[in-house]
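Just target37.txt here, compact mmCIF, C-alpha atoms:
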# COMPACT_ATOMS: atom_id res chain seq x y z
CA MET P 1 0.00 0.00 0.00
CA VAL P 2 1.22 3.50 -0.76
CA HIS P 3 1.82 5.37 2.47
CA ILE P 4 1.74 9.13 2.73
CA ARG P 5 5.43 9.28 3.71
CA ASP P 6 6.35 7.58 0.43
CA PHE P 7 5.15 10.51 -1.61
CA PRO P 8 8.37 12.50 -1.64
CA THR P 9 10.17 9.38 -2.87
CA LEU P 10 7.51 8.73 -5.49
CA GLY P 11 7.88 12.30 -6.65
CA ARG P 12 11.60 11.87 -6.87
CA ILE P 13 11.26 8.66 -8.85
CA ALA P 14 8.85 10.37 -11.23
CA MET P 15 11.33 13.21 -11.73
CA ARG P 16 14.18 10.82 -12.47
CA ARG P 17 12.35 8.24 -14.54
CA ASN P 18 9.50 9.82 -16.42
CA ARG P 19 10.18 11.49 -19.74
CA TRP P 20 6.83 13.32 -19.76
CA VAL P 21 7.29 14.81 -16.29
CA GLN P 22 10.72 16.03 -17.35
CA ILE P 23 9.43 17.49 -20.63
CA GLY P 24 6.75 19.26 -18.57
CA LEU P 25 9.49 20.68 -16.37
CA LEU P 26 11.38 21.99 -19.42
CA ILE P 27 8.18 23.51 -20.83
CA GLY P 28 7.55 25.19 -17.46
CA LEU P 29 11.07 26.59 -17.38
CA TRP P 30 10.72 27.91 -20.94
CA TRP P 31 7.32 29.46 -20.18
CA LEU P 32 8.67 31.19 -17.08
CA SER P 33 11.68 32.65 -18.89
CA ASP P 34 9.62 33.62 -21.93
CA THR P 35 7.09 35.44 -19.73
CA ALA P 36 9.89 37.15 -17.79
CA VAL P 37 11.58 38.29 -21.02
CA ARG P 38 8.32 39.72 -22.35
CA TYR P 39 7.48 41.42 -19.08
CA LEU P 40 10.95 42.94 -18.61
CA GLU P 41 11.32 43.65 -22.37
CA ILE P 42 14.77 42.04 -22.60
CA PRO P 43 15.95 41.88 -26.24
CA VAL P 44 17.05 38.22 -25.97
CA PRO P 45 14.85 35.22 -26.92
CA GLY P 46 13.14 33.77 -23.84
CA ALA P 47 14.35 30.25 -24.66
CA VAL P 48 17.99 31.39 -24.52
CA ILE P 49 17.43 32.94 -21.08
CA GLY P 50 15.78 29.65 -20.08
CA LEU P 51 18.86 27.77 -21.30
CA ALA P 52 21.12 30.05 -19.24
CA ALA P 53 18.86 29.65 -16.19
CA LEU P 54 18.89 25.86 -16.46
CA LEU P 55 22.68 25.88 -16.86
CA VAL P 56 22.98 27.96 -13.67
CA LEU P 57 20.61 25.59 -11.83
CA LEU P 58 22.67 22.57 -12.93
CA ILE P 59 26.11 24.05 -12.21
CA SER P 60 25.08 25.40 -8.80
CA GLY P 61 23.69 21.95 -7.94
CA TRP P 62 20.16 23.21 -7.18
CA ALA P 63 18.70 20.86 -9.76
CA PRO P 64 20.24 17.41 -10.44
CA ALA P 65 21.00 16.60 -14.09
CA ALA P 66 19.01 13.37 -13.71
CA TRP P 67 15.81 15.44 -13.57
CA PHE P 68 16.36 16.59 -17.15
CA ARG P 69 18.18 13.76 -18.93
CA ARG P 70 15.17 11.88 -20.32
CA GLY P 71 13.18 14.99 -21.07
CA THR P 72 16.13 16.47 -22.97
CA LYS P 73 16.56 13.32 -25.02
CA GLY P 74 12.83 13.25 -25.74
CA LEU P 75 12.76 16.83 -27.00
CA LEU P 76 16.06 16.89 -28.90
CA ASP P 77 15.46 13.55 -30.63
CA HIS P 78 12.27 14.88 -32.20
CA MET P 79 13.39 18.44 -32.88
CA LEU P 80 12.76 17.92 -36.59
CA LEU P 81 9.05 17.73 -35.83
CA PHE P 82 9.17 21.08 -34.04
CA PHE P 83 10.76 23.10 -36.82
CA LEU P 84 8.81 21.51 -39.63
CA PRO P 85 5.85 23.94 -39.21
CA ALA P 86 8.26 26.88 -39.54
CA ALA P 87 10.00 25.43 -42.59
CA MET P 88 6.64 24.97 -44.33
CA ALA P 89 6.62 28.78 -44.64
CA LEU P 90 8.05 27.98 -48.07
CA LEU P 91 4.38 27.68 -49.11
CA ASP P 92 4.08 31.44 -48.71
CA HIS P 93 7.11 32.06 -50.93
CA ARG P 94 6.10 30.46 -54.20
CA ASP P 95 8.75 32.45 -56.10
CA LEU P 96 11.38 30.19 -54.48
CA PHE P 97 10.06 27.17 -56.37
CA GLY P 98 11.68 28.59 -59.51
CA VAL P 99 15.12 29.91 -60.41
CA ALA P 100 15.42 31.81 -57.12
CA GLY P 101 15.12 28.50 -55.26
CA LEU P 102 17.95 26.97 -57.30
CA LYS P 103 20.08 30.00 -56.46
CA VAL P 104 19.36 29.49 -52.76
CA VAL P 105 20.38 25.82 -53.08
CA LEU P 106 23.59 26.85 -54.87
CA ALA P 107 24.38 29.42 -52.14
CA VAL P 108 23.76 26.80 -49.44
CA VAL P 109 25.93 24.12 -51.10
CA VAL P 110 28.89 26.41 -51.84
CA GLY P 111 28.56 28.12 -48.44
CA THR P 112 28.47 24.80 -46.58
CA VAL P 113 31.64 23.56 -48.32
CA LEU P 114 33.40 26.83 -47.44
CA VAL P 115 32.29 26.68 -43.78
CA MET P 116 33.32 23.04 -43.40
CA VAL P 117 36.73 23.46 -45.03
CA GLY P 118 37.47 26.72 -43.18
CA THR P 119 36.37 25.42 -39.77
CA ALA P 120 38.18 22.10 -40.08
CA LEU P 121 41.43 23.65 -41.31
CA SER P 122 41.52 26.36 -38.64
CA VAL P 123 40.82 23.86 -35.83
CA GLU P 124 43.45 21.52 -37.31
CA ALA P 125 45.99 24.36 -37.45
CA CYS P 126 45.19 25.25 -33.83
CA PHE P 127 45.57 21.59 -32.82
CA ARG P 128 48.94 21.16 -34.58
CA TRP P 129 50.23 24.43 -33.18
CA SER P 130 49.40 23.45 -29.59
CA ALA P 131 50.78 19.92 -30.13
CA ARG P 132 54.07 21.36 -31.40
CA ARG P 133 54.28 23.75 -28.46
CA ALA P 134 53.65 20.94 -25.98
CA SER P 135 56.41 18.70 -27.42
CA MET H 1 -12.62 19.13 -47.11
CA ARG H 2 -14.79 20.44 -44.27
CA PRO H 3 -13.03 23.40 -42.66
CA GLU H 4 -13.09 21.97 -39.12
CA ILE H 5 -11.16 18.90 -40.28
CA VAL H 6 -8.33 20.87 -41.92
CA PRO H 7 -6.17 21.40 -38.75
CA LEU H 8 -6.58 17.78 -37.71
CA PHE H 9 -5.78 16.56 -41.22
CA TRP H 10 -2.46 18.44 -41.41
CA LEU H 11 -1.47 17.40 -37.91
CA ALA H 12 -2.16 13.76 -38.80
CA VAL H 13 -0.23 14.09 -42.09
CA THR H 14 2.76 15.57 -40.27
CA LEU H 15 2.85 13.01 -37.47
CA VAL H 16 2.20 9.98 -39.65
CA SER H 17 4.75 10.99 -42.30
CA TYR H 18 7.27 11.66 -39.53
CA CYS H 19 6.78 8.22 -37.95
CA LEU H 20 6.87 6.53 -41.36
CA SER H 21 10.03 8.32 -42.46
CA ARG H 22 11.78 7.38 -39.21
CA TRP H 23 10.79 3.79 -39.80
CA ILE H 24 12.01 3.88 -43.41
CA ASP H 25 15.29 5.49 -42.34
CA ALA H 26 15.87 2.87 -39.65
CA ARG H 27 15.38 0.17 -42.29
CA LEU H 28 17.30 1.52 -45.27
CA HIS H 29 19.63 4.13 -43.80
CA GLN H 30 20.56 5.94 -47.03
CA TRP H 31 21.25 9.66 -47.40
CA TRP H 32 17.91 10.14 -49.18
CA THR H 33 15.97 8.38 -46.41
CA SER H 34 16.85 11.12 -43.91
CA PRO H 35 13.59 11.76 -41.96
CA LEU H 36 14.27 15.46 -42.49
CA LEU H 37 14.10 15.10 -46.27
CA LEU H 38 11.26 12.56 -46.37
CA THR H 39 8.91 14.29 -43.90
CA PHE H 40 9.54 17.78 -45.27
CA GLY H 41 9.34 16.61 -48.87
CA PHE H 42 6.14 14.67 -48.31
CA CYS H 43 4.31 17.43 -46.40
CA LEU H 44 5.41 20.06 -48.93
CA THR H 45 4.41 17.98 -51.95
CA LEU H 46 1.02 17.13 -50.45
CA ALA H 47 0.36 20.77 -49.57
CA LEU H 48 1.24 21.83 -53.14
CA VAL H 49 -0.88 19.11 -54.73
CA LEU H 50 -3.89 19.95 -52.53
CA HIS H 51 -3.36 23.71 -53.05
CA ALA H 52 -3.28 24.19 -49.28
CA SER H 53 -2.16 27.53 -47.89
CA TYR H 54 0.48 27.91 -45.19
CA HIS H 55 -2.29 29.19 -42.94
CA ASP H 56 -4.17 25.87 -43.32
CA TYR H 57 -1.05 23.86 -42.55
CA LEU H 58 -0.20 25.96 -39.52
CA SER H 59 -3.71 25.80 -38.06
CA GLY H 60 -3.15 22.26 -36.81
CA THR H 61 0.60 22.20 -36.30
CA PHE H 62 1.53 25.58 -34.80
CA TRP H 63 1.81 24.05 -31.31
CA LEU H 64 4.59 21.75 -32.54
CA GLY H 65 6.57 24.89 -33.37
CA THR H 66 6.02 26.17 -29.83
CA LEU H 67 7.91 23.13 -28.52
CA LEU H 68 11.07 24.52 -30.15
CA GLY H 69 11.32 26.82 -27.10
CA PRO H 70 11.57 24.05 -24.48
CA ALA H 71 13.92 22.17 -26.86
CA THR H 72 16.24 25.19 -26.84
CA VAL H 73 16.19 25.25 -23.02
CA ALA H 74 17.09 21.54 -23.08
CA PHE H 75 20.41 22.33 -24.82
CA ALA H 76 21.65 23.34 -21.34
CA LEU H 77 22.08 19.67 -20.45
CA PRO H 78 24.62 18.73 -23.16
CA ILE H 79 26.59 21.88 -22.29
CA TYR H 80 26.54 20.95 -18.60
CA GLU H 81 27.54 17.35 -19.23
CA LYS H 82 30.49 18.43 -21.38
CA ARG H 83 31.67 21.20 -19.05
CA GLU H 84 34.98 19.38 -18.43
CA MET H 85 35.67 19.26 -22.16
CA ILE H 86 34.81 22.95 -22.54
CA ARG H 87 37.11 23.90 -19.65
CA ARG H 88 40.02 21.95 -21.09
CA TYR H 89 39.70 22.73 -24.79
CA TRP H 90 37.95 26.09 -24.90
CA PRO H 91 40.59 27.80 -27.09
CA THR H 92 40.29 25.17 -29.83
CA LEU H 93 36.50 25.17 -29.61
CA ALA H 94 36.43 28.97 -29.72
CA VAL H 95 38.67 29.00 -32.83
CA GLY H 96 36.30 26.60 -34.58
CA VAL H 97 33.14 28.48 -33.63
CA VAL H 98 34.51 31.94 -34.47
CA ALA H 99 36.11 30.85 -37.76
CA GLY H 100 33.08 28.83 -38.82
CA SER H 101 30.50 31.48 -37.91
CA THR H 102 32.47 34.26 -39.62
CA ILE H 103 32.88 32.25 -42.83
CA SER H 104 29.21 31.24 -42.71
CA ILE H 105 27.88 34.79 -42.33
CA ILE H 106 30.22 36.36 -44.89
CA SER H 107 29.88 33.57 -47.47
CA SER H 108 26.08 33.64 -47.20
CA LEU H 109 25.95 37.39 -47.74
CA LEU H 110 28.46 37.41 -50.62
CA LEU H 111 26.98 34.39 -52.42
CA ALA H 112 23.42 35.74 -52.06
CA HIS H 113 24.61 39.13 -53.33
CA TRP H 114 26.37 37.67 -56.38
CA LEU H 115 23.37 35.49 -57.18
CA GLY H 116 21.10 38.52 -56.92
CA LEU H 117 18.72 37.16 -54.28
CA ALA H 118 16.09 39.41 -52.69
CA PRO H 119 17.20 41.22 -49.49
CA ASP H 120 14.87 39.27 -47.16
CA VAL H 121 16.03 35.94 -48.63
CA ARG H 122 19.65 37.09 -48.32
CA LEU H 123 19.21 37.87 -44.61
CA SER H 124 17.35 34.60 -44.06
CA LEU H 125 20.39 32.73 -45.42
CA VAL H 126 22.83 34.29 -42.95
CA PRO H 127 22.20 32.04 -39.89
CA ARG H 128 21.75 28.83 -41.93
CA SER H 129 24.75 27.00 -40.43
CA ILE H 130 23.49 26.94 -36.83
CA THR H 131 20.87 24.69 -35.32
CA THR H 132 17.25 25.65 -36.10
CA PRO H 133 15.93 27.24 -32.86
CA PHE H 134 18.98 29.51 -32.61
CA ALA H 135 18.97 30.21 -36.35
CA MET H 136 15.33 31.32 -36.24
CA ALA H 137 16.04 33.61 -33.29
CA VAL H 138 18.98 35.20 -35.14
CA SER H 139 16.96 35.50 -38.35
CA GLY H 140 14.17 37.40 -36.58
CA GLY H 141 16.74 39.67 -34.95
CA ILE H 142 18.54 40.70 -38.15
CA GLY H 143 15.45 41.21 -40.32
CA GLY H 144 15.24 37.86 -42.08
CA ILE H 145 12.19 35.58 -42.30
CA PRO H 146 12.48 32.85 -39.60
CA GLY H 147 10.45 30.39 -41.68
CA LEU H 148 12.73 30.75 -44.70
CA THR H 149 15.74 30.40 -42.42
CA ALA H 150 14.32 27.11 -41.14
CA THR H 151 14.15 25.91 -44.77
CA CYS H 152 17.73 27.05 -45.42
CA VAL H 153 18.87 25.28 -42.24
CA ILE H 154 17.24 22.05 -43.45
CA LEU H 155 18.95 22.41 -46.85
CA THR H 156 22.28 23.02 -45.10
CA GLY H 157 21.84 19.91 -42.98
CA LEU H 158 20.94 17.72 -45.96
CA CYS H 159 23.83 19.06 -48.03
CA GLY H 160 26.31 19.03 -45.14
CA GLY H 161 25.70 15.38 -44.31
CA ALA H 162 26.64 14.34 -47.85
CA VAL H 163 29.43 16.88 -48.52
CA GLY H 164 31.04 16.38 -45.10
CA GLU H 165 31.90 12.76 -45.78
CA LEU H 166 33.60 13.66 -49.07
CA LEU H 167 35.57 16.50 -47.47
CA LEU H 168 36.71 14.18 -44.71
CA LYS H 169 38.45 12.03 -47.34
CA TRP H 170 40.16 14.96 -49.06
CA LEU H 171 41.26 17.13 -46.16
CA PRO H 172 44.42 16.25 -44.21
CA LEU H 173 42.74 16.16 -40.78
CA ARG H 174 44.69 14.37 -38.06
CA SER H 175 42.70 15.36 -34.99
CA SER H 176 39.22 14.23 -34.03
CA PHE H 177 38.62 17.87 -33.07
CA SER H 178 38.82 19.18 -36.61
CA ARG H 179 36.73 16.31 -37.94
CA GLY H 180 34.05 16.94 -35.29
CA ALA H 181 34.12 20.71 -35.78
CA LEU H 182 33.72 20.26 -39.55
CA PHE H 183 30.43 18.46 -39.01
CA GLY H 184 29.09 20.41 -36.02
CA MET H 185 29.80 23.83 -37.52
CA GLY H 186 28.99 22.94 -41.12
CA ALA H 187 25.78 20.96 -40.70
CA HIS H 188 24.44 21.41 -37.12
CA GLY H 189 22.26 18.47 -35.94
CA CYS H 190 22.56 16.46 -39.16
CA GLY H 191 26.32 16.90 -39.03
CA ALA H 192 26.47 15.84 -35.39
CA ALA H 193 24.57 12.67 -36.26
CA LYS H 194 27.04 11.95 -39.12
CA ALA H 195 29.99 12.68 -36.83
CA ARG H 196 28.72 10.11 -34.33
CA GLU H 197 29.05 7.54 -37.12
CA VAL H 198 32.67 8.60 -37.71
CA GLY H 199 33.62 8.23 -34.04
CA VAL H 200 32.51 8.82 -30.45
CA GLU H 201 34.89 11.72 -29.93
CA GLU H 202 34.00 13.35 -33.25
CA GLY H 203 30.32 13.04 -32.33
CA SER H 204 30.61 14.69 -28.96
CA ILE H 205 32.79 17.52 -30.35
CA ALA H 206 30.35 18.08 -33.20
CA GLY H 207 27.44 18.28 -30.75
CA LEU H 208 29.30 20.71 -28.55
CA VAL H 209 30.44 22.92 -31.45
CA MET H 210 26.85 22.98 -32.74
CA VAL H 211 25.42 24.24 -29.42
CA LEU H 212 28.24 26.72 -28.81
CA ALA H 213 27.96 28.09 -32.35
CA GLY H 214 24.22 28.58 -31.83
CA LEU H 215 24.75 30.46 -28.57
CA ALA H 216 27.60 32.55 -29.98
CA ASN H 217 25.50 33.57 -32.98
CA VAL H 218 22.51 34.54 -30.83
CA ALA H 219 24.83 36.61 -28.63
CA PHE H 220 26.37 38.29 -31.70
CA ALA H 221 23.01 38.85 -33.46
CA PRO H 222 22.37 42.40 -32.10
CA VAL H 223 25.80 43.52 -33.37
CA LEU H 224 25.16 41.79 -36.70
CA ALA H 225 21.79 43.55 -36.96
CA ILE H 226 23.54 46.92 -36.63
CA LEU H 227 26.27 45.95 -39.13
CA LEU H 228 23.73 44.79 -41.72
CA ARG H 229 21.50 47.83 -41.48

Write the structure described by the file as structure tokens, please.
Amino acid sequence: MVHIRDFPTLGRIAMRRNRWVQIGLLIGLWWLSDTAVRYLEIPVPGAVIGLAALLVLLISGWAPAAWFRRGTKGLLDHMLLFFLPAAMALLDHRDLFGVAGLKVVLAVVVGTVLVMVGTALSVEACFRWSARRAS
Amino acid sequence: MRPEIVPLFWLAVTLVSYCLSRWIDARLHQWWTSPLLLTFGFCLTLALVLHASYHDYLSGTFWLGTLLGPATVAFALPIYEKREMIRRYWPTLAVGVVAGSTISIISSLLLAHWLGLAPDVRLSLVPRSITTPFAMAVSGGIGGIPGLTATCVILTGLCGGAVGELLLKWLPLRSSFSRGALFGMGAHGCGAAKAREVGVEEGSIAGLVMVLAGLANVAFAPVLAILLR
């Protein structure tokens, strides 16, 4: 039988085990920070403030990481589903189904190659430089 | 179609095509079976065939977009769990993020300018290399269209997954850091998934670079907005 004194433990188990409870917690945190940002008129997205707040909670030890692990996995695994509605805005920009769209694709492909090559080579240079200095 | 069914119909189409594409991808695991490509392609094609407006589509699915906020908050956990790595290698990570973001912003602007794209499309291209929730925040801040940016981010991810593997063969990269940074900076979440296939270390660096690049770009967005004005 469930005794009244077991409730704190049950709550703790729910926080550690249940993905939906944890997702609810993350939604609550986002809602709080989003409301605060709107109320205080801070020019930073509410979600980013929420991220910073959660990071502070975790680093200071006020909230254990186990309370967020499953919820985080649940949300980040399905992120594609969350930005799909935004990406469908393409329906409102019919001009991009023509030549303009091909130009965008070209810009993305060339730009991505440049970013990848530039990032990888600069990190590699940094790595070799620090390796040489260490030896 | 009766108007009260429209929201439910598009929600069902989105969820069912998402589940199906994940199932197909788990089975076949080819570049073209990426759930990103299949779900987006299917929903877009169906909407075009049925002559549906964006308003119709959004009526049933807008709440999915709202969940992008809590997903952004959730990025705190990977940062927290990799705090030791950040402390030890922050100079290398910073070099990757700064170099990658600078190249991404400048190349997007120059390429869009040379190709003669409209100003709002040009600005929407700027944050395409970072992960979607951050990219949409930056896009809104600098005068782009967040929805178009989301499309450009998807394109970048699809392209980056394929191109990254080729570049990995050609570039003389000795450290797992540069291989991870290539994927995380170049193709955000899709790149991080690819990097996990290359190696555990590459995967975790790619994930970290992706989150840090997103944060750095959001932090830099107000300055960028002034520079682009």

Residues of chain H near chain P: apply a cut-off of 6 Å, count all atoms listed in the file, and supply the list as number ranges by chain.
-> H: 54, 64-65, 68-74, 76, 96, 99-100, 103-104, 107, 111, 147, 150-151, 156, 178, 182, 186

Gly161 in chain H environment, 6 Å, all atoms listed in the file, sequence neighbours closer than 3 positions dropped, as an mmCIF file with C-alpha atoms, in the frame of the given file:
data_model
loop_
_atom_site.group_PDB
_atom_site.id
_atom_site.type_symbol
_atom_site.label_atom_id
_atom_site.label_comp_id
_atom_site.auth_asym_id
_atom_site.auth_seq_id
_atom_site.Cartn_x
_atom_site.Cartn_y
_atom_site.Cartn_z
ATOM 1 C CA LEU H 158 20.940 17.720 -45.960
ATOM 2 C CA GLY H 164 31.040 16.380 -45.100
ATOM 3 C CA GLY H 191 26.320 16.900 -39.030
#

Pairwise distance for CA of Ser17 in chain H and CA of Leu46 in chain H, rounded to one decimal in Å =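 Going from CA of Ser17 in chain H over to CA of Leu46 in chain H covers 10.9 Å.
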
Tell me, as a list of chain:residue names, which residues lie within 9 Å of Gly189 in chain H, counting all atoms listed in the file; anything in the same chain fewer than 3 positions away does not count.
-> H:Ile130, H:Thr131, H:Thr132, H:Gly157, H:Phe183, H:Gly184, H:Ala192, H:Ala193, H:Lys194, H:Ala206, H:Gly207, H:Met210

Please, what distance in Å, to one decimal, runs between CA of Trp90 in chain H and CA of Phe177 in chain H?
->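 Straight-line distance from CA of Trp90 in chain H to CA of Phe177 in chain H works out to 11.6 Å.
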
State, in Å with one decimal place, the distance from CA of Met185 in chain H to CA of Val209 in chain H.
-> 6.2 Å
